[in-house]
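Asker: Have a look at this one.
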Amino acid sequence: MNNNDGFHASETHETYFGYLIDELGGPEAVDLKALDEINFAHDLGNGHAVVETRAPWGRPIARSIPTWGEEGKAAEKRMVTELTERVGPDRALKIADRDLNMGVFPNHVINDILAITVRTFYPTAPDLMTVRSWALAPVGEAPEARHRRLNNFLEFLGPGGFATPDDVEAIESAQRGYGSAKFAPWNDISRGMLRETPRGDDEAQMRAFWREWNRRMEGE
Amino acid sequence: MMAVQELGEVRQVAVPRSRVEYEDFLYLESALLDQWRLDEWYELFTPDSVYEVPTMGKGLEVQPDNALFYVADDYRRLSHRVTRLKKPTAHAEWPHSVTVRMISNFRIESADERGVHLACSFTTYRSKHHITDTYIGHIYYTLVDVDGDLRIRRKRVMLGMNSLQPPGKISIIL
């Protein structure tokens with residue numbers, strides 16, 4: 001996906017976060033500042049990039065939230081222990097604790113966030129795009145874990161959720177804006193350009209995409 | 001008609017009213033949604049109610065604890081859906097789209113201790129940004145009498161479509 005950003009969430013998804021934070025017990029129950037300490041963008045080369053953050057939602061594998069109760073906490077512990085034994089503590093932390101939005105050049109996205117979805121994007125006309133979305137689940141998933149994952153998926157990622165319809169609206173609004181490209185044929189994606197380690201809410205991942213696009217399309 | 005008892009107590013089998021009474025009630029429900037009177041719409045539901053939209057092509061037996069749905073709201077999440085849709089930050093629906101709901105082909109299917117089960121067909125038009133989207137399908141209701149008033153215990157919308165194109169989303173309540 002050509003332009004994915006880490007800074008739209010708080011505005012575009014205000015209603016989802018309003019719901020989530022309400023469920024978690026209000027703003028004082030969520031330490032957004034501590035969560036924000038993890039906030040990076042990684043250029044993976046060849047146009048691929050990943051944004052690494054921590055959001056206040058729960059991750060089915062494996063970061064529980066208080067609303068998941070003792071059972072959720074115990075499930076998290078089991079999964080993190082198993083991961084740590086299998087891949088070591090550093091990778092286990094990345095797998096279990098970090099929210100990862102990865103763009104695979106040129107038309108593929110893996111959102112490993114409050115559930116995992118794989119999406120493909122096929123432009124079929126200048127103003128039409130076919131988006132397909134799959135939900136990923138582990139083999140042998142426990143019924144409680146499945147219920148949490150399905151709930152997370154439909155609350156946020158699904159087309160009837162509290163978030164994705166607003167993404168669709170934003171993308172369609174942007175598309176209407178691009179109708180004026182003749183008069184403003186550029187898009188400023190310089191945010192965080194001078195920062196040594198780009199943050200997740202910079203635009204390094206977009207530059208990674210467009211540099212590769214340029215290289216392939218124009219030989220630059 | 002007997003009042004529904006609290007959960008945990010033995011409920012009696014509901015005795016259906018006449019079909020036209022249910023039709024009047026569901027026309028009111030449609031009108032409240034078309035007029036974006038969402039708080040009043042929410043009051044039509046019982047505290048143990050569900051509002052569900054399974055993915056397309058599934059049978060009526062599908063359950064949200066085992067399959068991915070578009071919407072699987074209990075009463076609590078439904079209240080959050082209403083809250084969300086009243087906010088200017090629900091960008092897909094602010095300003096609100098214009099909607100027209102048509103419901104027909106009502107059939108009282110059965111009655112049991114949960115209530116009266118009723119099916120109907122629906123067409124919902126949603127208009128925004130010079131585009132009118134159409135949602136079609138069947139709705140399965142479980143309706144109960146609560147102190148003489150009809151209430152919704154279950155609303156399950158089975159989309160009669162094989163693709164979410166062109167709308168690409170279900171941002172309204174169907």
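Just so we're on the same page: first chain in the structure tokens is A, next is B, and so on; residues restart at 1 for each chain, and ligands are numbered from 1 in the order they show up.
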Just need the residues of chain B within 8 Å of chain A, counting only C-alpha atoms, so spit them out as a list in words.
Answerer: Pro64, Asp65, Asn66, Ala67, Leu68, Phe69, Tyr70, Val71, Ala72, His80, Arg81, Arg84, Lys87, Thr89, Ala90, His91, Ala92, Gly168, Lys169, Ile170 and Ser171 of chain B
Asker: Which residues are near Met193 in chain A? Cut-off 8 Å, only C-alpha atoms, ignore same chain within fewer than 5 positions. Put them as a list of chain:residue names.
Answerer: A:Pro198, A:Asp202, A:Glu203, A:Ala204
Asker: Please report the interatomic distance between CA of Leu164 in chain B and CA of Met56 in chain B in Å with one decimal.
Answerer: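 About the pair CA of Leu164 in chain B and CA of Met56 in chain B: they are 8.6 Å apart.
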Asker: If we count only C-alpha atoms and set the cut-off at 12 Å, which residues sit around Arg101 in chain B, ignoring sequence neighbours fewer than 3 positions away in its own chain? Please answer as a ChimeraX atom specification.
Answerer: /B:26-35,98,104,121-127,133-137,172-174
Asker: Give me every strand (DSSP E or B) residue in range 66-158 of chain A, going by DSSP on the backbone, as a PyMOL selection string.
Answerer: chain A and resi 99-104+108-112+116-125+128-136
Asker: Write out as a ChimeraX atom specification which residues come within 12 Å of Ile189 in chain A when counting only C-alpha atoms, dropping same-chain ones fewer than 6 positions away.
Answerer: /A:2-5,201-211
Asker: Using DSSP assignments from the backbone, pull out every residue in range 64-134 of chain B that falls under alpha helix (DSSP H) and give it to me as number ranges by chain.
Answerer: B: 75-85
